[in-house]
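S.K.: Before I ask anything, let me first share the structure, which is written out below as structure tokens.
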Amino acid sequence: MRDLAQLALDTATQQGAGYADVRVVHRAEESITVKSGRVEGVAFGESEGFGVRVLVDGAWGFASSNELNPTEANRVASDAVRIARASATALREPVRLDDRPPARGRYETPLTEDPFAIPVDDKIGDLLAADERMNSVKGIAFTESKYNAQRERKSFAASDGSETEQATTHVGAAIEVSAVDGSELQRRSYPDAGGGYGAAGYEYIRGLDLADHAEALAAEAVELLSAPQCPPGRRTIVLHPSQLYLQLHESCGHPIELDRVFGTEASYAGTSFLTTDKLEQGFQYGSELINIVADATAAGGLGTFGWDDEGVAAQSVPIVQSGRFVGYLSSRETAPRVGRQSGGAMRADGWNRIPLIRMTNVNLLPQPGMSLADIVADTDDGLLLASNRSWSIDDRRLNFQFATEVAREIKGGKVGRLLKNPTYTGITYEFWRSCDAVADASDYRMLGTPNCGKGEPGQLAHVGHGVSGARFRDVQVGVGKW
Amino acid sequence: MSEVVQRSELQLAERVLGLAEAEGATEAEVLVLGGSEQLTRFANSQIHQNVAETNTQVNLRFVLGRQIGVASTNRVADESLRGLAQSAARIARLQPELEDFRGLPAARPRSEVSGAAAASTVNASPATRAEGARAVIAAADEAGVLAYGSFRTVTERIAVANSCDIRVAEERTHAQLITVCMGTDGESGYAEAAAVDVEAIDAAAIGREAAEKARASRGAQQLEPGDYPVVLEEYAVVDLLDMLGYMGFSALAVQEGRSFFEPGKRIGSELVSIWDDATDPAGTPASFDYEGVPKSRVELVDRGECRGVVYDAQTAGREGRESTGHGLPAPNPWGPFPLNQFMAAGDQDRAALIGGLERGLLVTRFHYTNPVHPKLAIVTGMTRDGVFLVEGGEIRGPVRNLRFTQSYLDALAGVEAVGRTRRLLRGFLGSAVVPAVRIGSFTFTGATEH
């Protein structure tokens, strides 16, 4: 691999690249899906290839191939240079990269049980056990249990002498149950909608105790069918971690991507309300309780690594401090434009994609004082919302609307009746400013998603979110006609 | 060139089929997805990303009686392919039997479709795409706004071989140019073109459309959310079809009870007819699906009434019928999807559509839509890149973007006029050929700051 990477780098620089980097990536994936007691699919996949990124006269070019041989290395490197020269025909500001020391070293996800070494029938058995418990509940319509594992081995080399080797392992699992009655459909998921994911081995899956949660989950889905509709109004809401992480993802994680701020995602995902003047002003993003970091070193996070795909070392970047906006997710190209060094957030979805600024682990730090249960007990009249059902946010990440699978009324500090089809909506900074409680470290957990979409061609990133739960005041709930 | 290429993909598929049979498969299916994709992105009126990819993915479905294992790889050396067959066999042997598995689909006569690929798209160079980007940028310059967008060319070479005598291969191409033009006052406009043949895309015209829309949206005013009649341009209508296809026009969604679909149920006005037809050269043609089954035209909605849904081999087998040719690569827990939807054109030109609004909104497109309740087809999302208040049939001026929370079924039921021209557009589930529509009432539930 090293020879192939060096050959591509030599070809690129000989043909005029001022900077070049090469990533050789091998990715293995395993997935198991059980639907209503039936093993719907077991699949093992692998993908291997390399990508060459070059900077020629200030313009980018990128080419990639799944054929790992010297002839192809030369062809792809030449193609990348040719593409960069085409880019230069529509260039107004040449790209400049910040300085960083050449990256060297190895990184590997710490894990206890290699998920690829666990027999497949054991993993199927774990899902079938949970699925059977869900199906034992009368009134459910269909169930789904799933497991995924991914291991990516990546070699990075750059024309400045950087050389790194990384092996990351991610696992995840979920159980979902749906109940149907006429035109009503209710779903419940555990550990959250889409699944629980971590950078770990199979010990993470065992720790989810899927089967132990299955029956109660199914019973709640059936109960929701006859639950009252969540009424509209302005309410106090308490967000369980299973919803809070996605709120954080959409309304903080994406708007702090500095490439988005500079417009490079404008035609697709949109831009950001967090423009660079707001960094200079120390914009009040949230209440004083809000402290957010983008931490690529956090244990167990899907956004944890040794170096990003530009060879910048993993680090923890302050984003919001005591409610004030203080930092972005950034790259070597974008960070100098706000007078900073790259925060190491450039990540590519495999060998055939160019790195983009992606979330690492964007975490809402816990606050000492109250656990999530204490916050509920401290709430006179509100709703406890859990597990995402739907999400949407505008192209500058201001107006959002979420639906959750379930709401529980809170009256006098006690959790009460179930409400179905809850939704809530707001404007990002107004919402975070209305936060008057963040749960303490006892409820803090690392969640995340392996499906964060961005870019063209489309890329999916694995990103993490550390959250503990939080309370928000005067929020519009119950949106739309039902 | 393309026939040679297709033969090589099919030969690869047959080679893997032989390896699977040598490993003891009672049935096997090999899907080869080869090809290349190039994309040039521009922002702030300059190219900032420019990428190219070539790849060949081999997907093996290995069957042992009623046990099934699936493995895939993009390593096509002999040793890797043998490993692929062994891996799929190992997985299959560990599986419980699928009681309702009725075998892989058998070969059926199929007609070749015309116009699935264009040589100009296969051979499009970085210079071709840069030229398109520059044409859009020039239009934006003229209007005093900045251009953002992408120009994509894709060549797909698909082959399927299975042990029930399916042997099919096809080259397909598509190209897509999208652009958002934006100015310093918050104004923005959108335009898009898609085609099998990249030469059919008029980049300058797309640039002018988006730039003019941006200029017209300067100085947008706040509007109170509420119920308004709307004219949805084609870019918004494609989202209706995408979402309905995702939520309800799949046989699996019906079989699991999560679809709104019931045969004969009225879900749209008399003006609404929707079908899926991959054989129509007006779309992005394909003659077979990812299981190698010939594509059939399926009437989804006929003059407002539910008619049919799309099937793959598995969902068809459960009902004792034949697949309609809408299968996705195995393993596929999501079921079949309509990837080539069409909506019938009407008889109104753009001026007549807008002219029918006493007080309503002209909406360019939707952004970030998501189902809130799939069975009721309630969807939320934002407007984007040009929303205009219309009074007395005349455009009065731009308004800021609004959030909607709306049943797409109620929207179809409220269609009161349909445009007489249609556009081919890419959706998130494939392509769609759609007209603009006027809808009697659309529920906007929130507003944003731009």
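Ordering of the structure tokens sets the chain letters (A, B, ...); residue numbers start at 1 within each chain; ligands are numbered from 1 in the order shown.
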Excluding same-chain residues fewer than 3 positions from Lys154 of chain A, what lies within 7 Å of it counting only C-alpha atoms, as a ChimeraX atom specification?
M.R.: /A:23-26,165-167
S.K.: For Arg258 of chain B, please output as a list of chain:residue names all residues within 8 Å (counting only C-alpha atoms; exclusion window: fewer than 2 positions along the same chain).
M.R.: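 Within the cut-off, the hits are A:Val180, A:Leu185, B:Met247, B:Gly248, B:Ala253, B:Val254, B:Gln255, B:Glu256, B:Phe260, B:Pro374, B:Lys375.
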S.K.: Pull N, CA and C atoms from the residues just selected and write them as a short mmCIF file (atom, residue, chain, number, x, y, z; two decimals), in the first residue's frame.
M.R.:
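Resulting contents of selection_34.cif:
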data_model
loop_
_atom_site.label_atom_id
_atom_site.label_comp_id
_atom_site.auth_asym_id
_atom_site.auth_seq_id
_atom_site.Cartn_x
_atom_site.Cartn_y
_atom_site.Cartn_z
N VAL A 180 -50.48 -1.30 14.50
CA VAL A 180 -51.33 -0.64 13.50
C VAL A 180 -52.79 -0.87 13.86
N LEU A 185 -50.72 4.26 13.05
CA LEU A 185 -49.52 3.42 13.11
C LEU A 185 -48.61 4.01 14.18
N MET B 247 -43.49 5.89 1.10
CA MET B 247 -44.39 5.54 2.21
C MET B 247 -45.45 4.51 1.82
N GLY B 248 -45.83 4.50 0.52
CA GLY B 248 -47.03 3.72 0.26
C GLY B 248 -47.12 2.90 -0.99
N ALA B 253 -44.78 -2.30 2.04
CA ALA B 253 -45.48 -1.37 2.93
C ALA B 253 -46.94 -1.80 3.10
N VAL B 254 -47.55 -2.27 2.01
CA VAL B 254 -48.95 -2.72 2.09
C VAL B 254 -49.02 -4.01 2.92
N GLN B 255 -48.11 -4.94 2.64
CA GLN B 255 -48.15 -6.22 3.36
C GLN B 255 -47.91 -6.04 4.85
N GLU B 256 -47.12 -5.06 5.22
CA GLU B 256 -46.86 -4.82 6.65
C GLU B 256 -47.91 -3.91 7.28
N PHE B 260 -50.68 3.75 3.21
CA PHE B 260 -52.00 4.36 3.03
C PHE B 260 -52.78 3.68 1.90
N PRO B 374 -46.46 8.19 8.55
CA PRO B 374 -46.47 7.58 7.21
C PRO B 374 -47.82 7.08 6.76
N LYS B 375 -48.60 6.56 7.67
CA LYS B 375 -49.88 5.97 7.26
C LYS B 375 -50.86 7.06 6.82
#
S.K.: Using only C-alpha atoms, which of B:Arg400, B:Ser72, B:Arg41, B:Leu424 sits nearest Ile201 of chain B?
M.R.: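 The answer is B:Leu424, which sits nearest to Ile201 of chain B.
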S.K.: Have a look at atom CA of Asp122 of chain A and atom CA of Lys35 of chain A and let me know their distance in Å, one decimal.
M.R.: 17.0 Å
S.K.: Mind the document's chain letters and residue numbers, and return as a VMD selection string the residues of segment 88-179 of chain A that DSSP labels strand (DSSP E or B).
M.R.: chain A and resid 104 to 108 142 to 158 163 to 179
S.K.: Report as an mmCIF file with C-alpha atoms, in the first residue's frame all protein, DNA and RNA residues lying within 7 Å of Asp394 of chain A, evaluated on only C-alpha atoms, omitting residues in the same chain fewer than 4 positions from it.
M.R.:
data_model
loop_
_atom_site.group_PDB
_atom_site.id
_atom_site.type_symbol
_atom_site.label_atom_id
_atom_site.label_comp_id
_atom_site.auth_asym_id
_atom_site.auth_seq_id
_atom_site.Cartn_x
_atom_site.Cartn_y
_atom_site.Cartn_z
ATOM 1 C CA LEU A 398 -32.993 27.854 12.057
ATOM 2 C CA ASN A 399 -36.581 26.611 11.837
ATOM 3 C CA PHE A 400 -36.747 22.996 13.002
ATOM 4 C CA HIS B 367 -36.332 21.300 1.489
ATOM 5 C CA MET B 382 -39.593 23.853 4.326
#
S.K.: If we count only C-alpha atoms, what is near segment 433-449 of chain A at a cut-off of 9 Å, once residues fewer than 6 positions away on the same chain are taken out, given as a PyMOL selection string?
M.R.: chain A and resi 192+194-198+238+241-242+245-246+249+284-290+298-303+323+361+363-375+461-475
S.K.: Find the residues near segment 311-323 of chain B: any atom within 12 Å, counting only C-alpha atoms, skip ones fewer than 4 places away on the same chain, and give them as a ChimeraX atom specification.
M.R.: /A:40 /B:98-108,249-256,276,288-298,300,327-339
S.K.: For Leu68 of chain A, find every residue with an atom within 9 Å (counting only C-alpha atoms), except residues of its own chain fewer than 4 positions away, and show them as a PyMOL selection string.
M.R.: chain A and resi 1+4+24+48-50+72-73
S.K.: How many Å lie between atom CA of Gln406 of chain B and atom CA of Gly446 of chain B, rounded to one decimal?
M.R.: 11.9 Å
S.K.: Got a sec: who's within 8 Å of Ala116 of chain B, counting only C-alpha atoms, leaving out chain neighbours fewer than 5 positions off, as a ChimeraX atom specification?
M.R.: /B:171-173,196,281,284-286
S.K.: Name the closest residue to chain B among the candidates A:Pro355, A:Pro255, A:Pro450, A:Gly311; distances are taken between atoms, counting only C-alpha atoms.
M.R.: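 Of A:Pro355, A:Pro255, A:Pro450, A:Gly311, the one nearest chain B is A:Pro355, counting only C-alpha atoms.
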S.K.: Quick one: of B:Tyr148, B:Arg93, B:Ala194, B:Val372, who's nearest to Arg389 of chain A, counting only C-alpha atoms?
M.R.: B:Val372
S.K.: For a quick check of understanding, using only C-alpha atoms, which of B:Cys306, B:Ala205, B:Met182, B:Ala436 has the smallest distance to chain A?
M.R.: B:Met182
S.K.: Apply DSSP to the structure's backbone, then extract all residues of segment 270-446 of chain A labelled helix (DSSP H, G or I) and return them as a PyMOL selection string.
M.R.: chain A and resi 276-281+335-338+372-377+428-433+441-443
S.K.: May I have the residues from that selection written out with N, CA and C atoms, as a PDB file, in the first residue's frame?
M.R.:
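What landed in part.pdb:
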ATOM      1  N   THR A 276     -19.756  34.045  10.078  1.00  0.00           N
ATOM      2  CA  THR A 276     -18.501  34.316  10.785  1.00  0.00           C
ATOM      3  C   THR A 276     -18.575  35.574  11.667  1.00  0.00           C
ATOM      4  N   ASP A 277     -19.452  36.525  11.340  1.00  0.00           N
ATOM      5  CA  ASP A 277     -19.599  37.692  12.219  1.00  0.00           C
ATOM      6  C   ASP A 277     -20.105  37.271  13.602  1.00  0.00           C
ATOM      7  N   LYS A 278     -20.861  36.164  13.644  1.00  0.00           N
ATOM      8  CA  LYS A 278     -21.380  35.696  14.933  1.00  0.00           C
ATOM      9  C   LYS A 278     -20.257  35.091  15.788  1.00  0.00           C
ATOM     10  N   LEU A 279     -19.214  34.597  15.125  1.00  0.00           N
ATOM     11  CA  LEU A 279     -18.061  34.106  15.889  1.00  0.00           C
ATOM     12  C   LEU A 279     -17.350  35.292  16.533  1.00  0.00           C
ATOM     13  N   GLU A 280     -17.196  36.345  15.762  1.00  0.00           N
ATOM     14  CA  GLU A 280     -16.523  37.546  16.286  1.00  0.00           C
ATOM     15  C   GLU A 280     -17.326  38.173  17.426  1.00  0.00           C
ATOM     16  N   GLN A 281     -18.662  38.139  17.298  1.00  0.00           N
ATOM     17  CA  GLN A 281     -19.514  38.763  18.321  1.00  0.00           C
ATOM     18  C   GLN A 281     -19.659  37.917  19.578  1.00  0.00           C
ATOM     19  N   ALA A 335     -10.242  26.914   8.017  1.00  0.00           N
ATOM     20  CA  ALA A 335      -9.876  27.506   9.317  1.00  0.00           C
ATOM     21  C   ALA A 335      -9.081  28.817   9.175  1.00  0.00           C
ATOM     22  N   PRO A 336      -8.105  28.879   8.245  1.00  0.00           N
ATOM     23  CA  PRO A 336      -7.356  30.148   8.143  1.00  0.00           C
ATOM     24  C   PRO A 336      -8.246  31.335   7.778  1.00  0.00           C
ATOM     25  N   ARG A 337      -9.375  31.082   7.162  1.00  0.00           N
ATOM     26  CA  ARG A 337     -10.262  32.186   6.769  1.00  0.00           C
ATOM     27  C   ARG A 337     -10.949  32.821   7.973  1.00  0.00           C
ATOM     28  N   VAL A 338     -10.922  32.154   9.118  1.00  0.00           N
ATOM     29  CA  VAL A 338     -11.396  32.790  10.351  1.00  0.00           C
ATOM     30  C   VAL A 338     -10.242  32.930  11.341  1.00  0.00           C
ATOM     31  N   LEU A 372     -31.533  13.427  35.207  1.00  0.00           N
ATOM     32  CA  LEU A 372     -32.727  13.562  34.369  1.00  0.00           C
ATOM     33  C   LEU A 372     -33.990  13.342  35.205  1.00  0.00           C
ATOM     34  N   ALA A 373     -33.940  12.367  36.104  1.00  0.00           N
ATOM     35  CA  ALA A 373     -35.098  12.110  36.983  1.00  0.00           C
ATOM     36  C   ALA A 373     -35.358  13.327  37.878  1.00  0.00           C
ATOM     37  N   ASP A 374     -34.296  13.959  38.333  1.00  0.00           N
ATOM     38  CA  ASP A 374     -34.468  15.161  39.166  1.00  0.00           C
ATOM     39  C   ASP A 374     -35.128  16.287  38.365  1.00  0.00           C
ATOM     40  N   ILE A 375     -34.741  16.408  37.088  1.00  0.00           N
ATOM     41  CA  ILE A 375     -35.334  17.457  36.244  1.00  0.00           C
ATOM     42  C   ILE A 375     -36.830  17.211  36.067  1.00  0.00           C
ATOM     43  N   VAL A 376     -37.180  15.947  35.844  1.00  0.00           N
ATOM     44  CA  VAL A 376     -38.613  15.616  35.725  1.00  0.00           C
ATOM     45  C   VAL A 376     -39.321  15.956  37.036  1.00  0.00           C
ATOM     46  N   ALA A 377     -38.718  15.576  38.138  1.00  0.00           N
ATOM     47  CA  ALA A 377     -39.333  15.840  39.447  1.00  0.00           C
ATOM     48  C   ALA A 377     -39.450  17.344  39.715  1.00  0.00           C
ATOM     49  N   THR A 428     -33.776  27.733  16.214  1.00  0.00           N
ATOM     50  CA  THR A 428     -32.645  27.118  16.919  1.00  0.00           C
ATOM     51  C   THR A 428     -32.170  27.911  18.133  1.00  0.00           C
ATOM     52  N   TYR A 429     -31.782  29.179  17.927  1.00  0.00           N
ATOM     53  CA  TYR A 429     -31.164  29.896  19.050  1.00  0.00           C
ATOM     54  C   TYR A 429     -32.187  30.260  20.121  1.00  0.00           C
ATOM     55  N   GLU A 430     -33.453  30.479  19.730  1.00  0.00           N
ATOM     56  CA  GLU A 430     -34.489  30.743  20.738  1.00  0.00           C
ATOM     57  C   GLU A 430     -34.687  29.500  21.608  1.00  0.00           C
ATOM     58  N   PHE A 431     -34.651  28.357  20.956  1.00  0.00           N
ATOM     59  CA  PHE A 431     -34.860  27.090  21.660  1.00  0.00           C
ATOM     60  C   PHE A 431     -33.740  26.834  22.671  1.00  0.00           C
ATOM     61  N   TRP A 432     -32.493  26.948  22.202  1.00  0.00           N
ATOM     62  CA  TRP A 432     -31.376  26.654  23.116  1.00  0.00           C
ATOM     63  C   TRP A 432     -31.276  27.705  24.218  1.00  0.00           C
ATOM     64  N   ARG A 433     -31.721  28.934  23.949  1.00  0.00           N
ATOM     65  CA  ARG A 433     -31.736  29.955  25.005  1.00  0.00           C
ATOM     66  C   ARG A 433     -32.803  29.643  26.055  1.00  0.00           C
ATOM     67  N   ALA A 441     -23.851  14.293  34.990  1.00  0.00           N
ATOM     68  CA  ALA A 441     -23.030  13.248  34.363  1.00  0.00           C
ATOM     69  C   ALA A 441     -23.592  11.847  34.571  1.00  0.00           C
ATOM     70  N   SER A 442     -24.456  11.674  35.575  1.00  0.00           N
ATOM     71  CA  SER A 442     -24.982  10.326  35.823  1.00  0.00           C
ATOM     72  C   SER A 442     -25.844   9.837  34.662  1.00  0.00           C
ATOM     73  N   ASP A 443     -26.380  10.768  33.879  1.00  0.00           N
ATOM     74  CA  ASP A 443     -27.206  10.384  32.724  1.00  0.00           C
ATOM     75  C   ASP A 443     -26.483  10.584  31.391  1.00  0.00           C
TER      76      ASP A 443
END
S.K.: Smallest atom-to-atom distance to Pro263 of chain B: which of B:Ala220, B:Val231, B:Val309, B:Met343, using only C-alpha atoms?
M.R.: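 Answer, going by the shortest atom-to-atom distance: B:Val309.
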S.K.: So, counting only C-alpha atoms, which residue among B:Gln57, B:Leu81, B:Leu402, B:Thr40 is closest to Thr128 of chain B?
M.R.: B:Thr40
S.K.: Between atom CA of Arg438 of chain B and atom CA of Gly414 of chain B, what is the distance, to one decimal in Å?
M.R.: 8.2 Å
